[in-house]
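Data from work.cif: mmCIF, C-alpha atoms
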data_upload
#
loop_
_atom_site.label_atom_id
_atom_site.label_comp_id
_atom_site.auth_asym_id
_atom_site.auth_seq_id
_atom_site.Cartn_x
_atom_site.Cartn_y
_atom_site.Cartn_z
CA MET B 28 139.78 48.80 49.15
CA ARG B 29 142.83 49.61 51.13
CA ARG B 30 142.58 48.91 54.82
CA TRP B 31 143.62 51.49 57.41
CA HIS B 32 146.64 50.46 59.38
CA PRO B 33 145.59 49.96 63.05
CA VAL B 34 148.47 52.13 64.31
CA LEU B 35 147.40 54.96 62.03
CA VAL B 36 143.81 54.64 63.23
CA GLY B 37 145.03 54.73 66.78
CA LEU B 38 147.15 57.78 66.11
CA VAL B 39 144.28 59.65 64.45
CA LEU B 40 141.99 58.79 67.36
CA ALA B 41 144.61 59.83 69.90
CA LEU B 42 145.16 63.15 68.14
CA THR B 43 141.43 63.76 67.98
CA PHE B 44 141.08 63.14 71.69
CA THR B 45 144.06 65.35 72.51
CA ALA B 46 142.56 68.17 70.50
CA ALA B 47 139.21 67.74 72.22
CA ALA B 48 140.86 67.66 75.63
CA SER B 49 142.84 70.86 75.05
CA GLU B 50 139.75 72.56 73.70
CA GLU B 51 138.03 71.49 76.89
CA ALA B 52 140.77 72.68 79.21
CA GLY B 53 142.16 75.34 76.93
CA VAL B 54 142.28 78.05 79.56
CA SER B 55 145.19 78.04 81.94
CA ALA B 56 146.84 80.23 84.54
CA ARG B 57 150.52 80.74 85.28
CA ASP B 58 152.52 82.60 87.95
CA ALA B 59 149.56 82.83 90.30
CA TRP B 60 150.51 84.59 93.52
CA MET B 61 148.99 86.79 96.16
CA ARG B 62 150.69 89.36 98.32
CA GLU B 63 150.90 88.52 102.01
CA SER B 64 148.76 91.00 103.91
CA PRO B 65 150.36 93.32 106.47
CA PRO B 66 149.23 92.83 110.08
CA GLY B 67 145.74 94.12 110.78
CA VAL B 68 144.66 93.98 107.16
CA ALA B 69 142.06 91.41 106.12
CA MET B 70 142.37 91.78 102.39
CA MET B 71 144.78 90.54 99.78
CA ALA B 72 145.28 90.91 96.05
CA GLY B 73 145.87 87.98 93.71
CA TYR B 74 147.77 88.15 90.44
CA MET B 75 148.32 85.71 87.55
CA ALA B 76 148.73 85.34 83.82
CA LEU B 77 145.66 83.87 82.17
CA GLN B 78 146.02 82.12 78.84
CA ASN B 79 143.18 81.25 76.50
CA ASP B 80 144.34 78.63 74.00
CA THR B 81 140.90 78.05 72.55
CA SER B 82 139.58 79.60 69.38
CA ARG B 83 136.68 81.22 71.24
CA SER B 84 136.49 84.08 73.71
CA GLN B 85 136.33 82.92 77.31
CA VAL B 86 134.61 85.05 79.86
CA LEU B 87 135.69 84.97 83.49
CA VAL B 88 132.59 85.67 85.55
CA ALA B 89 133.53 84.79 89.13
CA ALA B 90 136.23 83.56 91.47
CA ARG B 91 135.77 81.61 94.68
CA SER B 92 138.01 80.21 97.35
CA SER B 93 137.18 78.23 100.45
CA ASP B 94 140.01 80.15 102.19
CA PHE B 95 138.26 83.53 101.86
CA GLU B 96 134.86 84.87 102.70
CA THR B 97 134.69 86.85 99.46
CA VAL B 98 136.67 86.95 96.23
CA MET B 99 136.00 89.66 93.69
CA ILE B 100 137.42 90.52 90.32
CA HIS B 101 138.76 94.04 90.46
CA ARG B 102 140.69 96.42 88.32
CA THR B 103 142.72 99.37 89.48
CA ILE B 104 142.12 102.30 87.19
CA VAL B 105 143.42 105.85 87.35
CA ARG B 106 140.86 108.57 86.83
CA GLU B 107 141.41 112.28 87.45
CA GLY B 108 144.85 111.46 88.78
CA MET B 109 143.50 109.06 91.40
CA ALA B 110 143.69 105.29 91.55
CA ARG B 111 140.46 103.55 92.33
CA MET B 112 139.27 99.99 92.29
CA GLU B 113 136.56 99.06 89.92
CA HIS B 114 134.54 95.90 90.29
CA ALA B 115 134.66 93.92 87.06
CA SER B 116 131.54 91.78 86.66
CA GLN B 117 133.27 89.86 83.91
CA VAL B 118 136.60 89.77 82.11
CA GLU B 119 136.79 88.62 78.53
CA LEU B 120 139.76 86.62 77.32
CA ALA B 121 140.17 86.94 73.57
CA PRO B 122 140.72 83.73 71.53
CA ASN B 123 144.33 82.54 71.65
CA ALA B 124 145.42 85.43 73.81
CA SER B 125 146.67 86.03 77.29
CA LEU B 126 145.59 88.50 79.93
CA LEU B 127 147.68 89.66 82.85
CA PHE B 128 146.37 90.19 86.34
CA ALA B 129 149.14 92.41 87.74
CA PRO B 130 149.72 95.14 90.34
CA GLY B 131 148.05 98.35 89.22
CA GLY B 132 145.63 96.54 86.90
CA TYR B 133 143.32 93.55 87.07
CA HIS B 134 143.53 91.59 90.31
CA LEU B 135 141.50 89.30 92.49
CA MET B 136 140.49 91.04 95.66
CA LEU B 137 140.34 88.47 98.44
CA LEU B 138 138.52 89.50 101.60
CA ASN B 139 138.60 88.04 105.11
CA PRO B 140 140.88 85.00 105.01
CA LYS B 141 139.56 82.04 107.01
CA ARG B 142 143.02 80.87 108.04
CA THR B 143 146.39 82.49 108.59
CA LEU B 144 148.12 82.95 105.27
CA ARG B 145 151.83 83.71 105.30
CA ALA B 146 154.51 83.79 102.64
CA GLY B 147 154.81 80.25 101.33
CA SER B 148 151.17 79.30 101.95
CA ARG B 149 149.17 77.89 99.05
CA VAL B 150 145.63 78.95 98.29
CA GLU B 151 143.32 77.35 95.78
CA VAL B 152 140.99 79.65 93.89
CA ASN B 153 138.37 78.44 91.43
CA LEU B 154 137.96 80.65 88.41
CA GLU B 155 134.51 80.33 86.89
CA PHE B 156 133.96 80.96 83.22
CA ARG B 157 130.76 81.48 81.33
CA GLY B 158 129.51 78.15 80.01
CA GLY B 159 130.42 76.30 83.19
CA LEU B 160 134.19 75.87 82.91
CA VAL B 161 135.83 75.98 86.32
CA LEU B 162 139.59 76.38 86.45
CA PRO B 163 141.24 75.60 89.80
CA VAL B 164 144.34 77.74 90.29
CA ALA B 165 146.92 77.33 93.06
CA PHE B 166 148.14 80.71 94.30
CA GLU B 167 151.38 81.06 96.23
CA VAL B 168 151.43 83.64 99.00
CA ARG B 169 154.49 85.85 98.66
CA LYS B 170 155.88 88.64 100.72
CA MET T 26 198.12 98.33 94.38
CA LYS T 27 197.93 98.95 90.69
CA GLN T 28 194.63 97.12 90.52
CA ALA T 29 193.20 99.22 93.33
CA GLY T 30 194.23 102.35 91.48
CA LEU T 31 192.50 101.19 88.32
CA LYS T 32 189.34 100.33 90.25
CA PHE T 33 189.36 103.76 91.81
CA SER T 34 189.74 105.52 88.50
CA ILE T 35 186.88 103.51 87.00
CA LEU T 36 184.73 104.45 89.95
CA THR T 37 185.60 108.13 89.72
CA THR T 38 184.95 108.10 86.00
CA ALA T 39 181.55 106.50 86.57
CA VAL T 40 180.63 109.04 89.23
CA ALA T 41 181.89 111.91 87.07
CA LEU T 42 179.92 110.60 84.09
CA ALA T 43 176.76 110.30 86.16
CA ALA T 44 177.25 113.84 87.40
CA ILE T 45 177.87 115.17 83.90
CA ILE T 46 174.78 113.43 82.51
CA ALA T 47 172.65 114.63 85.39
CA GLY T 48 174.12 118.10 85.11
CA ALA T 49 173.28 118.19 81.42
CA TRP T 50 169.66 117.36 82.21
CA LEU T 51 169.49 120.07 84.79
CA ALA T 52 171.18 122.63 82.58
CA GLY T 53 169.03 121.65 79.62
CA SER T 54 165.83 122.08 81.54
CA GLY T 55 167.05 125.34 83.03
CA ARG T 56 167.58 126.76 79.59
CA GLU T 57 164.20 125.69 78.32
CA ASN T 58 162.08 126.81 81.20
CA SER T 59 163.35 127.17 84.69
CA SER T 60 159.95 126.75 86.32
CA GLN T 61 158.85 123.72 84.37
CA ALA T 62 158.96 120.15 85.58
CA MET T 63 161.19 117.78 83.70
CA LEU T 64 160.46 114.12 83.15
CA LEU T 65 163.76 112.26 82.99
CA PRO T 66 164.29 109.84 80.08
CA ASP T 67 163.38 106.68 81.96
CA ARG T 68 159.96 108.26 82.59
CA VAL T 69 160.01 107.49 86.30
CA MET T 70 161.28 110.65 87.98
CA THR T 71 160.08 114.15 87.27
CA LEU T 72 162.45 116.79 88.60
CA PHE T 73 161.53 120.34 89.52
CA PRO T 74 164.54 122.55 88.75
CA ASP T 75 162.93 125.26 90.85
CA PRO T 76 161.75 123.30 93.93
CA LYS T 77 158.73 124.67 95.73
CA PRO T 78 159.11 125.39 99.47
CA LEU T 79 156.33 123.75 101.46
CA THR T 80 154.41 125.70 104.09
CA ALA T 81 153.16 124.78 107.55
CA PHE T 82 151.00 121.73 108.22
CA ALA T 83 150.53 119.63 111.34
CA LEU T 84 150.01 115.88 111.27
CA ILE T 85 150.56 113.05 113.76
CA ASP T 86 152.87 110.08 113.29
CA HIS T 87 152.17 106.48 114.27
CA GLU T 88 153.73 107.04 117.68
CA SER T 89 151.43 110.02 118.25
CA ARG T 90 154.23 112.56 117.82
CA VAL T 91 153.70 115.75 115.84
CA PHE T 92 154.79 115.51 112.24
CA ASP T 93 155.00 118.96 110.73
CA LEU T 94 157.15 121.07 108.44
CA ALA T 95 160.09 120.75 110.86
CA GLY T 96 159.88 116.99 110.42
CA LEU T 97 160.77 117.43 106.77
CA LYS T 98 163.85 119.54 107.40
CA GLY T 99 167.35 118.06 107.31
CA LYS T 100 166.24 114.90 105.55
CA TRP T 101 165.19 113.74 102.13
CA THR T 102 161.62 112.53 102.44
CA PHE T 103 159.79 110.10 100.19
CA LEU T 104 156.05 110.63 100.70
CA PHE T 105 153.23 108.38 99.63
CA PHE T 106 149.51 108.91 100.23
CA GLY T 107 147.23 105.92 100.69
CA PHE T 108 145.23 103.93 103.24
CA THR T 109 145.67 100.52 104.84
CA HIS T 110 142.46 99.00 103.40
CA CYS T 111 144.10 99.08 100.00
CA PRO T 112 145.00 95.66 98.60
CA ASP T 113 146.72 96.57 95.35
CA VAL T 114 148.40 99.97 94.90
CA CYS T 115 149.52 100.70 98.50
CA PRO T 116 151.24 97.42 99.37
CA THR T 117 152.80 97.30 95.92
CA THR T 118 154.19 100.82 96.27
CA LEU T 119 155.35 100.36 99.87
CA ALA T 120 157.11 97.09 98.98
CA ILE T 121 158.92 98.90 96.16
CA LEU T 122 159.85 101.79 98.46
CA ALA T 123 161.16 99.33 101.06
CA ARG T 124 163.43 97.84 98.41
CA ALA T 125 164.48 101.31 97.25
CA ARG T 126 165.41 102.16 100.83
CA GLU T 127 167.49 99.01 101.04
CA ILE T 128 169.35 100.02 97.88
CA ILE T 129 169.93 103.54 99.21
CA ALA T 130 171.04 102.20 102.61
CA LYS T 131 173.60 99.95 100.93
CA SER T 132 175.03 102.83 98.89
CA ARG T 133 178.14 104.70 100.02
CA VAL T 134 176.20 107.64 101.46
CA GLY T 135 173.60 105.43 103.12
CA ALA T 136 170.06 106.23 104.19
CA GLU T 137 170.76 108.15 107.41
CA ASP T 138 169.38 111.36 105.95
CA VAL T 139 166.46 109.73 104.14
CA GLN T 140 163.00 109.00 105.52
CA PHE T 141 159.96 107.30 104.06
CA VAL T 142 156.53 108.52 105.10
CA PHE T 143 153.21 106.86 104.40
CA ILE T 144 150.36 109.32 104.86
CA SER T 145 146.98 107.75 105.41
CA VAL T 146 144.17 109.85 103.97
CA ASP T 147 141.72 107.62 105.87
CA PRO T 148 142.21 108.67 109.54
CA ASN T 149 138.76 107.31 110.32
CA ARG T 150 139.97 103.72 109.99
CA ASP T 151 143.75 104.18 110.22
CA THR T 152 144.51 104.86 113.86
CA ALA T 153 148.10 105.47 115.02
CA GLY T 154 148.42 101.90 116.30
CA LYS T 155 147.13 100.41 113.09
CA LEU T 156 149.38 102.59 110.97
CA GLY T 157 152.40 101.69 113.08
CA GLN T 158 152.14 97.95 112.56
CA TYR T 159 151.21 98.46 108.92
CA VAL T 160 154.26 100.52 107.92
CA ALA T 161 156.65 98.50 110.13
CA TYR T 162 155.66 95.39 108.18
CA PHE T 163 157.24 96.90 105.07
CA ASP T 164 160.23 98.51 106.79
CA PRO T 165 160.84 99.20 110.48
CA THR T 166 162.11 102.69 109.66
CA PHE T 167 158.98 103.74 107.75
CA LEU T 168 156.87 106.42 109.35
CA GLY T 169 153.08 106.24 109.29
CA VAL T 170 151.41 109.63 109.43
CA THR T 171 147.84 110.84 109.48
CA GLY T 172 145.77 113.60 111.09
CA ASP T 173 142.83 115.93 110.64
CA ASP T 174 141.23 115.94 107.22
CA ALA T 175 142.06 119.64 106.89
CA GLN T 176 145.75 119.09 107.68
CA ILE T 177 146.07 116.12 105.33
CA ALA T 178 144.39 118.21 102.66
CA SER T 179 146.81 121.08 103.30
CA LEU T 180 149.90 118.98 102.61
CA ALA T 181 148.24 117.09 99.77
CA ARG T 182 147.24 120.34 98.10
CA GLN T 183 150.79 121.68 98.29
CA LEU T 184 152.08 118.58 96.52
CA GLY T 185 149.21 118.44 94.05
CA ALA T 186 148.21 115.04 95.44
CA PRO T 187 144.53 114.39 94.73
CA TYR T 188 142.55 112.02 96.97
CA GLN T 189 138.98 111.41 97.92
CA VAL T 190 137.45 109.42 100.75
CA ALA T 191 134.05 108.21 99.62
CA PHE T 192 132.85 107.59 103.16
CA LYS T 193 129.24 106.73 103.76
CA PRO T 194 127.92 106.13 107.28
CA GLY T 195 127.40 102.46 108.01
CA MET T 196 129.59 101.39 105.12
CA GLU T 197 132.53 99.32 106.31
CA ASN T 198 134.43 99.02 103.06
CA TYR T 199 134.02 102.51 101.64
CA PRO T 200 136.34 103.31 98.76
CA VAL T 201 139.25 105.71 98.93
CA TYR T 202 140.77 107.21 95.81
CA HIS T 203 144.31 108.54 95.84
CA THR T 204 147.24 109.43 93.64
CA THR T 205 149.81 106.73 92.85
CA THR T 206 152.64 109.28 92.73
CA VAL T 207 155.54 109.16 95.20
CA PHE T 208 156.71 112.64 96.21
CA LEU T 209 160.28 113.58 97.08
CA VAL T 210 160.85 116.51 99.43
CA ASP T 211 164.42 117.78 99.88
CA PRO T 212 166.17 118.55 103.21
CA ARG T 213 165.09 122.19 102.90
CA ALA T 214 161.46 121.06 102.90
CA ARG T 215 161.02 121.86 99.22
CA TYR T 216 159.00 119.69 96.85
CA HIS T 217 161.85 118.58 94.62
CA ALA T 218 160.78 115.62 92.50
CA MET T 219 158.12 113.01 91.96
CA PHE T 220 158.07 109.38 90.87
CA THR T 221 155.19 108.04 88.82
CA PRO T 222 154.30 104.39 88.08
CA PRO T 223 155.31 101.96 86.86
CA LEU T 224 157.75 102.31 89.74
CA ASP T 225 160.79 100.16 90.33
CA ALA T 226 163.16 100.22 93.24
CA GLU T 227 166.37 100.18 91.20
CA THR T 228 165.42 103.23 89.15
CA ILE T 229 164.28 105.14 92.23
CA GLY T 230 167.56 104.29 93.97
CA ARG T 231 169.64 105.30 90.95
CA ARG T 232 167.82 108.57 90.32
CA PHE T 233 167.89 109.52 93.97
CA LYS T 234 171.63 108.87 94.18
CA VAL T 235 172.38 111.28 91.35
CA LEU T 236 169.99 113.92 92.68
CA ARG T 237 171.45 113.76 96.19
CA GLU T 238 175.01 114.06 94.85
CA LEU T 239 174.08 117.10 92.80
CA GLU T 240 172.31 118.80 95.69
CA GLY T 241 175.14 117.93 98.08
CA ALA T 242 177.61 119.52 95.68
CA LYS T 243 175.46 122.67 95.47
CA ALA T 244 175.22 123.01 99.24
CA THR T 245 178.98 123.00 99.86
#
Translate this file's structure into structure tokens.
Amino acid sequence: MRRWHPVLVGLVLALTFTAAASEEAGVSARDAWMRESPPGVAMMAGYMALQNDTSRSQVLVAARSSDFETVMIHRTIVREGMARMEHASQVELAPNASLLFAPGGYHLMLLNPKRTLRAGSRVEVNLEFRGGLVLPVAFEVRK
Amino acid sequence: MKQAGLKFSILTTAVALAAIIAGAWLAGSGRENSSQAMLLPDRVMTLFPDPKPLTAFALIDHESRVFDLAGLKGKWTFLFFGFTHCPDVCPTTLAILARAREIIAKSRVGAEDVQFVFISVDPNRDTAGKLGQYVAYFDPTFLGVTGDDAQIASLARQLGAPYQVAFKPGMENYPVYHTTTVFLVDPRARYHAMFTPPLDAETIGRRFKVLRELEGAKAT
């Protein structure tokens, strides 16, 4: 019987682990930023591009940050000619698809910052997905 | 010398072209229906060929001065309705308008005869002082305006700007619903055009430039 070459075995193992790892951490966020709040306003909106590179749907159920009292998932919708914010209890990311959190649409609503956040500040937000996956995302504060 | 001449002729041609294109839109709409609004091809500005004169209203600006119909005369006014406890739509729109103002200010004609007014439909929370620092954050020339519910409603109704304050006693973060449209009132206090999202500063600046040139030409 032909013996497997050790390098080949190693390669197969490495590939298997890589695949497992990306399946594990197959949700990512890019271009995460939040708008600096004008003086006297204790709320901010956070935007990002979420990418689900897994073959399953991923459901975002919560967001938390130690820099804010409250973080909620919101969506701006227009009904009867008026924009309103709707609380989204969960947001589903389709398999191998991306979802944009952008002005006028989905956004994180961040209430009562615990420190002064100005353009250039960095804020870490943990995105919690159903099944226990927590994705830490670094948001840049922009003017 | 020769180069300057060439530059000038290119510039005049560009201006003439812009005027012809804009004129064609106006003429085209006039033929079809003189009273109907016309959405320009980039789907950002809707122009009213037959602008509607606004009638009296009385509001208060962020320095506690009266802001009424007279405050709209002699200037082009960009109007946006919102409230300061608004994390998404209002800051996004005001940031875009601040950039649009910058573009207009840098243009040949400048922004001397242009004002930007943010009308808070939430006078309960948005006091004059609060409004002042809020609008100044976006642009020091911006005017914050609010007033009695009835007076806000009067102006909003004339512009067809729906809003609703879902206030409940004891509720700190009550929701406010409002239109995302930016309204443009001409120097004769007539509702002349509107901009609807997705907004971008460059398009607003470009459209406004053409409109102002056309109206300026009509006036003289």
Compile a residue-level contact table for chain T against chain B at a cut-off of 10 Å, reporting for every qualifying residue the shortest atom pair and its distance in Å to one decimal, with only C-alpha atoms counted, rows ordered by chain and ascending number, as a Markdown table.
| residue | atom | partner | partner_atom | distance |
| --- | --- | --- | --- | --- |
| T:Gly107 | CA | B:Ala110 | CA | 9.8 |
| T:Thr109 | CA | B:Val68 | CA | 7.0 |
| T:His110 | CA | B:Val68 | CA | 6.6 |
| T:Cys111 | CA | B:Met70 | CA | 7.9 |
| T:Pro112 | CA | B:Met71 | CA | 5.3 |
| T:Asp113 | CA | B:Ala72 | CA | 5.9 |
| T:Val114 | CA | B:Gly131 | CA | 5.9 |
| T:Cys115 | CA | B:Gly131 | CA | 9.7 |
| T:Pro116 | CA | B:Arg62 | CA | 8.1 |
| T:Thr117 | CA | B:Pro130 | CA | 6.7 |
| T:Thr118 | CA | B:Pro130 | CA | 9.3 |
| T:Ala120 | CA | B:Lys170 | CA | 8.7 |
| T:Gly154 | CA | B:Gly67 | CA | 9.9 |
| T:Lys155 | CA | B:Gly67 | CA | 6.8 |
| T:Leu156 | CA | B:Gly67 | CA | 9.2 |
| T:Gly157 | CA | B:Pro66 | CA | 9.9 |
| T:Gln158 | CA | B:Pro66 | CA | 6.4 |
| T:Tyr159 | CA | B:Pro65 | CA | 5.8 |
| T:Val160 | CA | B:Pro65 | CA | 8.3 |
| T:Ala161 | CA | B:Pro65 | CA | 8.9 |
| T:Tyr162 | CA | B:Pro65 | CA | 5.9 |
| T:Phe163 | CA | B:Pro65 | CA | 7.9 |
| T:Gly185 | CA | B:Gly108 | CA | 9.8 |
| T:Ala186 | CA | B:Gly108 | CA | 8.3 |
| T:Pro187 | CA | B:Met109 | CA | 6.4 |
| T:Tyr188 | CA | B:Met109 | CA | 6.4 |
| T:Gln189 | CA | B:Met109 | CA | 8.3 |
| T:Pro200 | CA | B:Arg111 | CA | 7.6 |
| T:Val201 | CA | B:Arg111 | CA | 7.0 |
| T:Tyr202 | CA | B:Arg111 | CA | 5.1 |
| T:His203 | CA | B:Met109 | CA | 4.5 |
| T:Thr204 | CA | B:Met109 | CA | 4.4 |
| T:Thr205 | CA | B:Ala110 | CA | 6.4 |
| T:Thr206 | CA | B:Gly108 | CA | 9.0 |
| T:Pro222 | CA | B:Gly131 | CA | 8.8 |
| T:Pro223 | CA | B:Gly131 | CA | 8.4 |
Pairwise distance for CA of Lys98 (chain T) and CA of Pro212 (chain T), rounded to one decimal in Å: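 Separating CA of Lys98 (chain T) from CA of Pro212 (chain T) is a distance of 4.9 Å.
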Computed interatomic separation between CA of Pro74 (chain T) and CA of Gln61 (chain T) (Å):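 Interatomic distance here is 7.3 Å.
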So which residues touch Ala62 (chain T) within 7 Å, counting all atoms listed in the file, skipping near sequence neighbours fewer than 3 positions away, as a PDB file with C-alpha atoms, keeping the file's coordinate frame?
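The resulting file, around.pdb, is shown below:
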ATOM      1  CA  THR T  71     160.080 114.150  87.270  1.00  0.00           C
ATOM      2  CA  LEU T  72     162.450 116.790  88.600  1.00  0.00           C
ATOM      3  CA  PHE T  73     161.530 120.340  89.520  1.00  0.00           C
ATOM      4  CA  PRO T  74     164.540 122.550  88.750  1.00  0.00           C
TER       5      PRO T  74
END
Who sits within 10 Å of region 82-96 of chain B, only C-alpha atoms, same chain under 3 positions skipped, as a VMD selection string: chain B and resid 50 53 to 54 69 to 71 78 to 79 99 to 100 115 to 124 135 to 144 149 to 164
Could you please take those selected residues and save C-alpha atoms as a PDB file, in the coordinates of the input?
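Listing of part_30.pdb after writing:
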ATOM      1  CA  GLU B  50     139.750  72.560  73.700  1.00  0.00           C
ATOM      2  CA  GLY B  53     142.160  75.340  76.930  1.00  0.00           C
ATOM      3  CA  VAL B  54     142.280  78.050  79.560  1.00  0.00           C
ATOM      4  CA  ALA B  69     142.060  91.410 106.120  1.00  0.00           C
ATOM      5  CA  MET B  70     142.370  91.780 102.390  1.00  0.00           C
ATOM      6  CA  MET B  71     144.780  90.540  99.780  1.00  0.00           C
ATOM      7  CA  GLN B  78     146.020  82.120  78.840  1.00  0.00           C
ATOM      8  CA  ASN B  79     143.180  81.250  76.500  1.00  0.00           C
ATOM      9  CA  MET B  99     136.000  89.660  93.690  1.00  0.00           C
ATOM     10  CA  ILE B 100     137.420  90.520  90.320  1.00  0.00           C
ATOM     11  CA  ALA B 115     134.660  93.920  87.060  1.00  0.00           C
ATOM     12  CA  SER B 116     131.540  91.780  86.660  1.00  0.00           C
ATOM     13  CA  GLN B 117     133.270  89.860  83.910  1.00  0.00           C
ATOM     14  CA  VAL B 118     136.600  89.770  82.110  1.00  0.00           C
ATOM     15  CA  GLU B 119     136.790  88.620  78.530  1.00  0.00           C
ATOM     16  CA  LEU B 120     139.760  86.620  77.320  1.00  0.00           C
ATOM     17  CA  ALA B 121     140.170  86.940  73.570  1.00  0.00           C
ATOM     18  CA  PRO B 122     140.720  83.730  71.530  1.00  0.00           C
ATOM     19  CA  ASN B 123     144.330  82.540  71.650  1.00  0.00           C
ATOM     20  CA  ALA B 124     145.420  85.430  73.810  1.00  0.00           C
ATOM     21  CA  LEU B 135     141.500  89.300  92.490  1.00  0.00           C
ATOM     22  CA  MET B 136     140.490  91.040  95.660  1.00  0.00           C
ATOM     23  CA  LEU B 137     140.340  88.470  98.440  1.00  0.00           C
ATOM     24  CA  LEU B 138     138.520  89.500 101.600  1.00  0.00           C
ATOM     25  CA  ASN B 139     138.600  88.040 105.110  1.00  0.00           C
ATOM     26  CA  PRO B 140     140.880  85.000 105.010  1.00  0.00           C
ATOM     27  CA  LYS B 141     139.560  82.040 107.010  1.00  0.00           C
ATOM     28  CA  ARG B 142     143.020  80.870 108.040  1.00  0.00           C
ATOM     29  CA  THR B 143     146.390  82.490 108.590  1.00  0.00           C
ATOM     30  CA  LEU B 144     148.120  82.950 105.270  1.00  0.00           C
ATOM     31  CA  ARG B 149     149.170  77.890  99.050  1.00  0.00           C
ATOM     32  CA  VAL B 150     145.630  78.950  98.290  1.00  0.00           C
ATOM     33  CA  GLU B 151     143.320  77.350  95.780  1.00  0.00           C
ATOM     34  CA  VAL B 152     140.990  79.650  93.890  1.00  0.00           C
ATOM     35  CA  ASN B 153     138.370  78.440  91.430  1.00  0.00           C
ATOM     36  CA  LEU B 154     137.960  80.650  88.410  1.00  0.00           C
ATOM     37  CA  GLU B 155     134.510  80.330  86.890  1.00  0.00           C
ATOM     38  CA  PHE B 156     133.960  80.960  83.220  1.00  0.00           C
ATOM     39  CA  ARG B 157     130.760  81.480  81.330  1.00  0.00           C
ATOM     40  CA  GLY B 158     129.510  78.150  80.010  1.00  0.00           C
ATOM     41  CA  GLY B 159     130.420  76.300  83.190  1.00  0.00           C
ATOM     42  CA  LEU B 160     134.190  75.870  82.910  1.00  0.00           C
ATOM     43  CA  VAL B 161     135.830  75.980  86.320  1.00  0.00           C
ATOM     44  CA  LEU B 162     139.590  76.380  86.450  1.00  0.00           C
ATOM     45  CA  PRO B 163     141.240  75.600  89.800  1.00  0.00           C
ATOM     46  CA  VAL B 164     144.340  77.740  90.290  1.00  0.00           C
TER      47      VAL B 164
END
Answer as an MDAnalysis selection string, residues within 10 Å of (148.0, 112.3, 110.9) using all atoms listed in the file: chainID T and resid 83:87 89:93 143:148 151:153 156 169:174 176:177
So that I can see what lies close to region 213-221 of chain T, please list as an mmCIF file with C-alpha atoms, in the frame of the given file the residues with an atom at most 6 Å from it, counting only C-alpha atoms and leaving out residues fewer than 2 positions away in the same chain.
data_model
loop_
_atom_site.group_PDB
_atom_site.id
_atom_site.type_symbol
_atom_site.label_atom_id
_atom_site.label_comp_id
_atom_site.auth_asym_id
_atom_site.auth_seq_id
_atom_site.Cartn_x
_atom_site.Cartn_y
_atom_site.Cartn_z
ATOM 1 C CA VAL T 69 160.010 107.490 86.300
ATOM 2 C CA MET T 70 161.280 110.650 87.980
ATOM 3 C CA THR T 71 160.080 114.150 87.270
ATOM 4 C CA LEU T 72 162.450 116.790 88.600
ATOM 5 C CA PHE T 73 161.530 120.340 89.520
ATOM 6 C CA PRO T 76 161.750 123.300 93.930
ATOM 7 C CA LYS T 77 158.730 124.670 95.730
ATOM 8 C CA PRO T 78 159.110 125.390 99.470
ATOM 9 C CA LEU T 79 156.330 123.750 101.460
ATOM 10 C CA LEU T 97 160.770 117.430 106.770
ATOM 11 C CA LYS T 98 163.850 119.540 107.400
ATOM 12 C CA THR T 206 152.640 109.280 92.730
ATOM 13 C CA VAL T 207 155.540 109.160 95.200
ATOM 14 C CA PHE T 208 156.710 112.640 96.210
ATOM 15 C CA LEU T 209 160.280 113.580 97.080
ATOM 16 C CA VAL T 210 160.850 116.510 99.430
ATOM 17 C CA ASP T 211 164.420 117.780 99.880
#
Test item: residues at most 10 Å from Lys234 (chain T), all atoms listed in the file, excluding those fewer than 2 positions along its chain, as a ChimeraX atom specification: /T:43,128-129,132-135,228-232,236-239
Gap from CA of Val235 (chain T) to CA of Gly96 (chain T) - Å, one decimal: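 If I compute the distance from CA of Val235 (chain T) to CA of Gly96 (chain T), I get 23.5 Å.
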Repaired coordinates for region 179-186 of chain T (N, CA and C atoms) as a short mmCIF file (atom, residue, chain, number, x, y, z; two decimals), in the frame of the given file:
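Listed below is the output, selection29.cif:
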data_model
loop_
_atom_site.label_atom_id
_atom_site.label_comp_id
_atom_site.auth_asym_id
_atom_site.auth_seq_id
_atom_site.Cartn_x
_atom_site.Cartn_y
_atom_site.Cartn_z
N SER T 179 145.86 119.98 103.46
CA SER T 179 146.81 121.08 103.30
C SER T 179 148.10 120.60 102.66
N LEU T 180 148.65 119.51 103.18
CA LEU T 180 149.90 118.98 102.61
C LEU T 180 149.66 118.41 101.22
N ALA T 181 148.55 117.70 101.06
CA ALA T 181 148.24 117.09 99.77
C ALA T 181 148.10 118.17 98.68
N ARG T 182 147.45 119.27 99.06
CA ARG T 182 147.24 120.34 98.10
C ARG T 182 148.58 120.93 97.66
N GLN T 183 149.48 121.10 98.61
CA GLN T 183 150.79 121.68 98.29
C GLN T 183 151.59 120.81 97.32
N LEU T 184 151.36 119.50 97.40
CA LEU T 184 152.08 118.58 96.52
C LEU T 184 151.28 118.24 95.27
N GLY T 185 150.07 118.76 95.19
CA GLY T 185 149.21 118.44 94.05
C GLY T 185 148.84 116.96 94.07
N ALA T 186 148.53 116.46 95.27
CA ALA T 186 148.21 115.04 95.44
C ALA T 186 146.70 114.87 95.63
#
